[in-house]
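Engineer: Structure: coords-v3.cif, mmCIF, C-alpha atoms.
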```
data_data
#
loop_
_atom_site.label_atom_id
_atom_site.label_comp_id
_atom_site.auth_asym_id
_atom_site.auth_seq_id
_atom_site.Cartn_x
_atom_site.Cartn_y
_atom_site.Cartn_z
CA MET L 207 -204.35 -99.30 3.17
CA GLY L 208 -201.56 -101.78 2.59
CA LYS L 209 -199.74 -103.88 5.11
CA LEU L 210 -197.86 -102.04 7.82
CA THR L 211 -194.18 -102.60 8.52
CA PHE L 212 -193.21 -104.57 11.61
CA ALA L 213 -192.03 -101.37 13.24
CA MET L 214 -195.31 -99.55 12.59
CA GLU L 215 -197.27 -102.49 14.01
CA ASN L 216 -195.06 -102.37 17.11
CA TYR L 217 -195.73 -98.66 17.54
CA LEU L 218 -199.49 -99.19 17.25
CA GLU L 219 -199.36 -102.04 19.74
CA ALA L 220 -197.34 -99.90 22.17
CA ILE L 221 -199.83 -97.03 21.90
CA TYR L 222 -202.68 -99.49 22.42
CA GLU L 223 -201.08 -100.99 25.52
CA LEU L 224 -200.15 -97.58 26.97
CA SER L 225 -203.58 -96.07 26.33
CA THR L 226 -205.94 -96.85 29.17
CA ASP L 227 -209.20 -95.43 30.43
CA GLY L 228 -209.53 -92.94 27.59
CA THR L 229 -206.07 -91.51 28.07
CA GLY L 230 -203.60 -91.43 25.24
CA ALA L 231 -199.97 -92.47 25.16
CA ARG L 232 -197.05 -90.11 25.67
CA ILE L 233 -194.21 -90.08 23.15
CA SER L 234 -191.63 -90.61 25.91
CA ASP L 235 -193.47 -93.73 27.13
CA ILE L 236 -193.76 -95.12 23.61
CA ALA L 237 -190.05 -94.55 22.97
CA GLU L 238 -189.10 -96.15 26.29
CA ARG L 239 -191.34 -99.17 25.74
CA LEU L 240 -189.85 -99.84 22.30
CA GLY L 241 -186.27 -98.94 23.20
CA VAL L 242 -186.00 -96.17 20.62
CA THR L 243 -185.22 -92.47 20.77
CA LYS L 244 -187.97 -89.88 21.06
CA ALA L 245 -186.92 -88.61 17.63
CA SER L 246 -187.50 -92.06 16.11
CA ALA L 247 -190.84 -92.34 17.87
CA ASN L 248 -191.86 -88.87 16.65
CA SER L 249 -190.96 -89.83 13.09
CA ALA L 250 -193.06 -92.99 13.35
CA MET L 251 -195.96 -90.96 14.77
CA SER L 252 -195.85 -88.73 11.70
CA THR L 253 -196.09 -91.78 9.44
CA LEU L 254 -198.94 -93.31 11.44
CA SER L 255 -200.77 -89.99 11.48
CA GLU L 256 -200.44 -89.66 7.70
CA LYS L 257 -201.94 -93.14 7.36
CA GLY L 258 -204.88 -92.10 9.53
CA LEU L 259 -204.07 -94.57 12.30
CA ILE L 260 -203.42 -92.12 15.12
CA ILE L 261 -204.34 -88.63 16.24
CA ASN L 262 -201.14 -86.84 17.11
CA GLU L 263 -201.18 -83.20 18.16
CA LYS L 264 -197.83 -81.67 19.03
CA TYR L 265 -197.04 -81.88 22.77
CA LYS L 266 -200.23 -83.81 23.49
CA GLU L 267 -201.09 -87.44 24.09
CA ILE L 268 -201.36 -89.78 21.11
CA PHE L 269 -204.64 -91.56 20.45
CA LEU L 270 -205.51 -94.39 18.09
CA THR L 271 -208.16 -93.78 15.46
CA PRO L 272 -210.80 -96.53 15.12
CA THR L 273 -208.78 -98.04 12.25
CA GLY L 274 -205.57 -97.77 14.25
CA ARG L 275 -207.26 -99.45 17.20
CA GLU L 276 -208.37 -102.34 14.97
CA PHE L 277 -204.81 -102.89 13.73
CA ALA L 278 -203.41 -102.64 17.27
CA GLU L 279 -206.00 -104.96 18.81
CA PHE L 280 -205.41 -107.56 16.12
CA THR L 281 -201.63 -107.44 16.55
CA SER L 282 -201.98 -107.59 20.33
CA LYS L 283 -204.35 -110.57 20.09
CA LYS L 284 -201.91 -112.44 17.83
CA HIS L 285 -199.15 -111.76 20.36
CA GLN L 286 -201.28 -113.11 23.22
CA VAL L 287 -202.25 -116.28 21.35
CA ILE L 288 -198.65 -117.05 20.33
CA GLU L 289 -197.33 -116.36 23.82
CA GLN L 290 -200.05 -118.48 25.41
CA PHE L 291 -199.38 -121.34 22.97
CA PHE L 292 -195.65 -121.22 23.67
CA THR L 293 -195.99 -121.10 27.46
CA GLN L 294 -198.93 -123.48 27.95
CA ILE L 295 -198.35 -126.03 25.22
CA LEU L 296 -194.62 -125.87 24.48
CA LYS L 297 -193.63 -124.92 28.06
CA VAL L 298 -191.37 -122.10 26.88
CA ASP L 299 -190.22 -119.60 29.53
CA ILE L 300 -192.50 -116.53 29.58
CA ALA L 301 -189.69 -114.06 28.78
CA ILE L 302 -188.60 -116.05 25.75
CA ALA L 303 -192.21 -116.65 24.67
CA ASP L 304 -192.86 -112.90 24.85
CA GLN L 305 -189.80 -112.09 22.73
CA ASP L 306 -190.62 -114.76 20.18
CA ALA L 307 -194.28 -113.73 20.01
CA CYS L 308 -193.21 -110.15 19.33
CA ALA L 309 -191.18 -111.30 16.32
CA ILE L 310 -193.63 -113.89 15.01
CA GLU L 311 -196.84 -111.84 15.34
CA HIS L 312 -195.90 -109.81 12.27
CA VAL L 313 -195.40 -112.70 9.88
CA ILE L 314 -197.74 -115.46 11.03
CA SER L 315 -200.84 -116.14 8.97
CA ASN L 316 -204.35 -115.69 10.30
CA ASP L 317 -204.94 -119.39 9.65
CA SER L 318 -202.07 -120.36 11.95
CA ILE L 319 -203.29 -118.01 14.69
CA HIS L 320 -206.77 -119.49 14.39
CA ALA L 321 -205.36 -123.04 14.59
CA MET L 322 -203.36 -122.13 17.71
CA GLN L 323 -206.47 -120.61 19.29
CA GLU L 324 -208.55 -123.68 18.51
CA PHE L 325 -205.87 -125.97 19.93
CA LEU L 326 -205.69 -123.90 23.15
CA ILE L 327 -209.49 -123.99 23.50
CA LYS L 328 -209.62 -127.78 23.00
CA LYS L 329 -206.71 -128.27 25.39
CA SER L 330 -208.41 -126.18 28.10
CA LYS L 331 -211.57 -128.32 27.86
CA ASN L 332 -209.64 -131.54 28.56
#
```
What does this structure look like when you write it as structure tokens?

Structural biologist:
Amino acid sequence: MGKLTFAMENYLEAIYELSTDGTGARISDIAERLGVTKASANSAMSTLSEKGLIINEKYKEIFLTPTGREFAEFTSKKHQVIEQFFTQILKVDIAIADQDACAIEHVISNDSIHAMQEFLIKKSKN
């Protein structure tokens, strides 16, 4: 499977964050979290389902497939590392760091994420 669009990564991340304790995510909660209409969220769910990243039965909760979970966890981890780097190292306000991390997580290289992680680890040991 090729690279996902920023929007599709955001949908997967939202489903991941809204899915807890074995429960799935509801379309209305996904739409609200991302600030989109339910129709837009439903359209995205169709695309993600076709790609095998979610299980989406009409009028039921949405669940990530194992592959979908991998994508979502990776995107979420990138977001956390960027946000942590911005707030702890650069002293950026948390709200701004969160917004910036959301935009950057889709384009940053794995090498840069790894370097940020390593820097944070070294910094925490000092």

Engineer: Do a neighbour search on Gly274 of chain L at 9 Å with only C-alpha atoms, toss out local chain neighbours closer than 2 positions, and write the hits as a VMD selection string.

Structural biologist: chain L and resid 218 222 254 258 to 260 269 to 272 276 to 279

Engineer: Can you work out which one of L:Ser252, L:Ile327, L:Ala220, L:Ile314 has the shortest atom-to-atom distance to Ala237 of chain L, counting only C-alpha atoms?

Structural biologist: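 Checking each candidate against Ala237 of chain L, we get L:Ala220 as the closest.
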
Engineer: Take the PyMOL selection byres ((chain L and resi 281-283) around 10), run it mentally on this structure, and tell me the resulting residues as a ChimeraX atom specification.

Structural biologist: /L:215-216,218-220,222-223,275-280,284-289,307-308,311-312,319

Engineer: Have a look at L:Ala250, L:Lys257, L:Ala301, L:Lys328 and name the one nearest to Phe212 of chain L; count all atoms listed in the file.

Structural biologist: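 Once distances to Phe212 of chain L are computed over all atoms listed in the file, the minimum belongs to L:Ala250.
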
Engineer: What is the atom CA of Glu324 of chain L to atom CA of Ile295 of chain L distance in Å?

Structural biologist: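 Atom CA of Glu324 of chain L sits 12.4 Å away from atom CA of Ile295 of chain L.
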
Engineer: Give me, please, the distance in Å between atom CA of Ile233 of chain L and atom CA of Ile261 of chain L, quoted to one decimal.

Structural biologist: 12.3 Å

Engineer: So, counting all atoms listed in the file, which residue among L:Glu238, L:Thr229, L:Glu263, L:Asp317 is closest to Tyr217 of chain L?

Structural biologist: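 With all atoms listed in the file as the atom set, the closest residue is L:Glu238.
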
Engineer: So what do you get for atom CA of Tyr265 of chain L versus atom CA of Ala231 of chain L, distance-wise?

Structural biologist: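 Between atom CA of Tyr265 of chain L and atom CA of Ala231 of chain L the gap works out to 11.2 Å.
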
Engineer: Smallest atom-to-atom distance to Lys264 of chain L: which of L:Asn248, L:Ser330, L:Ser318, L:Gln290, using all atoms listed in the file?

Structural biologist: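 Under the stated criterion, the closest residue is L:Asn248.
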
Engineer: Please reconstruct the missing atoms of segment 255-286 of chain L (target: N, CA and C atoms) and return them as a PDB file, keeping the file's coordinate frame.

Structural biologist:
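As a result, rebuild_25.pdb now contains:
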```pdb
ATOM      1  N   SER L 255    -199.762 -91.045  11.608  1.00  0.00           N
ATOM      2  CA  SER L 255    -200.770 -89.990  11.480  1.00  0.00           C
ATOM      3  C   SER L 255    -201.162 -89.793  10.022  1.00  0.00           C
ATOM      4  N   GLU L 256    -200.168 -89.796   9.138  1.00  0.00           N
ATOM      5  CA  GLU L 256    -200.440 -89.660   7.700  1.00  0.00           C
ATOM      6  C   GLU L 256    -201.308 -90.791   7.181  1.00  0.00           C
ATOM      7  N   LYS L 257    -201.162 -91.979   7.771  1.00  0.00           N
ATOM      8  CA  LYS L 257    -201.940 -93.140   7.360  1.00  0.00           C
ATOM      9  C   LYS L 257    -203.328 -93.168   8.023  1.00  0.00           C
ATOM     10  N   GLY L 258    -203.577 -92.182   8.879  1.00  0.00           N
ATOM     11  CA  GLY L 258    -204.880 -92.100   9.530  1.00  0.00           C
ATOM     12  C   GLY L 258    -205.072 -93.091  10.656  1.00  0.00           C
ATOM     13  N   LEU L 259    -203.972 -93.559  11.260  1.00  0.00           N
ATOM     14  CA  LEU L 259    -204.070 -94.570  12.300  1.00  0.00           C
ATOM     15  C   LEU L 259    -203.990 -94.002  13.710  1.00  0.00           C
ATOM     16  N   ILE L 260    -203.493 -92.765  13.817  1.00  0.00           N
ATOM     17  CA  ILE L 260    -203.420 -92.120  15.120  1.00  0.00           C
ATOM     18  C   ILE L 260    -203.813 -90.650  14.996  1.00  0.00           C
ATOM     19  N   ILE L 261    -204.140 -90.076  16.134  1.00  0.00           N
ATOM     20  CA  ILE L 261    -204.340 -88.630  16.240  1.00  0.00           C
ATOM     21  C   ILE L 261    -203.174 -88.128  17.076  1.00  0.00           C
ATOM     22  N   ASN L 262    -202.369 -87.276  16.473  1.00  0.00           N
ATOM     23  CA  ASN L 262    -201.140 -86.840  17.110  1.00  0.00           C
ATOM     24  C   ASN L 262    -201.020 -85.328  17.012  1.00  0.00           C
ATOM     25  N   GLU L 263    -201.348 -84.653  18.106  1.00  0.00           N
ATOM     26  CA  GLU L 263    -201.180 -83.200  18.160  1.00  0.00           C
ATOM     27  C   GLU L 263    -199.897 -82.911  18.922  1.00  0.00           C
ATOM     28  N   LYS L 264    -199.124 -81.985  18.428  1.00  0.00           N
ATOM     29  CA  LYS L 264    -197.830 -81.670  19.030  1.00  0.00           C
ATOM     30  C   LYS L 264    -197.973 -81.394  20.521  1.00  0.00           C
ATOM     31  N   TYR L 265    -197.100 -82.027  21.309  1.00  0.00           N
ATOM     32  CA  TYR L 265    -197.040 -81.880  22.770  1.00  0.00           C
ATOM     33  C   TYR L 265    -198.270 -82.402  23.498  1.00  0.00           C
ATOM     34  N   LYS L 266    -199.054 -83.221  22.847  1.00  0.00           N
ATOM     35  CA  LYS L 266    -200.230 -83.810  23.490  1.00  0.00           C
ATOM     36  C   LYS L 266    -200.146 -85.330  23.414  1.00  0.00           C
ATOM     37  N   GLU L 267    -201.045 -85.989  24.125  1.00  0.00           N
ATOM     38  CA  GLU L 267    -201.090 -87.440  24.090  1.00  0.00           C
ATOM     39  C   GLU L 267    -201.472 -87.939  22.697  1.00  0.00           C
ATOM     40  N   ILE L 268    -201.091 -89.159  22.406  1.00  0.00           N
ATOM     41  CA  ILE L 268    -201.360 -89.780  21.110  1.00  0.00           C
ATOM     42  C   ILE L 268    -202.508 -90.768  21.296  1.00  0.00           C
ATOM     43  N   PHE L 269    -203.478 -90.684  20.402  1.00  0.00           N
ATOM     44  CA  PHE L 269    -204.640 -91.560  20.450  1.00  0.00           C
ATOM     45  C   PHE L 269    -204.749 -92.354  19.159  1.00  0.00           C
ATOM     46  N   LEU L 270    -205.240 -93.575  19.277  1.00  0.00           N
ATOM     47  CA  LEU L 270    -205.510 -94.390  18.090  1.00  0.00           C
ATOM     48  C   LEU L 270    -206.839 -93.965  17.471  1.00  0.00           C
ATOM     49  N   THR L 271    -206.884 -93.948  16.149  1.00  0.00           N
ATOM     50  CA  THR L 271    -208.160 -93.780  15.460  1.00  0.00           C
ATOM     51  C   THR L 271    -208.866 -95.137  15.505  1.00  0.00           C
ATOM     52  N   PRO L 272    -210.137 -95.212  15.137  1.00  0.00           N
ATOM     53  CA  PRO L 272    -210.800 -96.530  15.120  1.00  0.00           C
ATOM     54  C   PRO L 272    -210.048 -97.552  14.253  1.00  0.00           C
ATOM     55  N   THR L 273    -209.542 -97.124  13.111  1.00  0.00           N
ATOM     56  CA  THR L 273    -208.780 -98.040  12.250  1.00  0.00           C
ATOM     57  C   THR L 273    -207.476 -98.440  12.918  1.00  0.00           C
ATOM     58  N   GLY L 274    -206.804 -97.478  13.537  1.00  0.00           N
ATOM     59  CA  GLY L 274    -205.570 -97.770  14.250  1.00  0.00           C
ATOM     60  C   GLY L 274    -205.788 -98.735  15.397  1.00  0.00           C
ATOM     61  N   ARG L 275    -206.915 -98.553  16.093  1.00  0.00           N
ATOM     62  CA  ARG L 275    -207.260 -99.450  17.200  1.00  0.00           C
ATOM     63  C   ARG L 275    -207.482-100.875  16.689  1.00  0.00           C
ATOM     64  N   GLU L 276    -208.149-101.010  15.554  1.00  0.00           N
ATOM     65  CA  GLU L 276    -208.370-102.340  14.970  1.00  0.00           C
ATOM     66  C   GLU L 276    -207.050-103.042  14.692  1.00  0.00           C
ATOM     67  N   PHE L 277    -206.135-102.330  14.026  1.00  0.00           N
ATOM     68  CA  PHE L 277    -204.810-102.890  13.730  1.00  0.00           C
ATOM     69  C   PHE L 277    -204.114-103.303  15.025  1.00  0.00           C
ATOM     70  N   ALA L 278    -204.117-102.401  16.008  1.00  0.00           N
ATOM     71  CA  ALA L 278    -203.410-102.640  17.270  1.00  0.00           C
ATOM     72  C   ALA L 278    -204.015-103.812  18.036  1.00  0.00           C
ATOM     73  N   GLU L 279    -205.334-103.865  18.098  1.00  0.00           N
ATOM     74  CA  GLU L 279    -206.000-104.960  18.810  1.00  0.00           C
ATOM     75  C   GLU L 279    -205.688-106.298  18.160  1.00  0.00           C
ATOM     76  N   PHE L 280    -205.685-106.316  16.836  1.00  0.00           N
ATOM     77  CA  PHE L 280    -205.410-107.560  16.120  1.00  0.00           C
ATOM     78  C   PHE L 280    -203.982-108.021  16.361  1.00  0.00           C
ATOM     79  N   THR L 281    -203.028-107.095  16.302  1.00  0.00           N
ATOM     80  CA  THR L 281    -201.630-107.440  16.550  1.00  0.00           C
ATOM     81  C   THR L 281    -201.451-107.914  17.993  1.00  0.00           C
ATOM     82  N   SER L 282    -202.075-107.226  18.920  1.00  0.00           N
ATOM     83  CA  SER L 282    -201.980-107.590  20.330  1.00  0.00           C
ATOM     84  C   SER L 282    -202.582-108.981  20.568  1.00  0.00           C
ATOM     85  N   LYS L 283    -203.698-109.267  19.933  1.00  0.00           N
ATOM     86  CA  LYS L 283    -204.350-110.570  20.090  1.00  0.00           C
ATOM     87  C   LYS L 283    -203.449-111.678  19.539  1.00  0.00           C
ATOM     88  N   LYS L 284    -202.837-111.439  18.385  1.00  0.00           N
ATOM     89  CA  LYS L 284    -201.910-112.440  17.830  1.00  0.00           C
ATOM     90  C   LYS L 284    -200.781-112.706  18.819  1.00  0.00           C
ATOM     91  N   HIS L 285    -200.237-111.634  19.390  1.00  0.00           N
ATOM     92  CA  HIS L 285    -199.150-111.760  20.360  1.00  0.00           C
ATOM     93  C   HIS L 285    -199.591-112.633  21.531  1.00  0.00           C
ATOM     94  N   GLN L 286    -200.775-112.360  22.069  1.00  0.00           N
ATOM     95  CA  GLN L 286    -201.280-113.110  23.220  1.00  0.00           C
ATOM     96  C   GLN L 286    -201.457-114.588  22.905  1.00  0.00           C
TER      97      GLN L 286
END
```
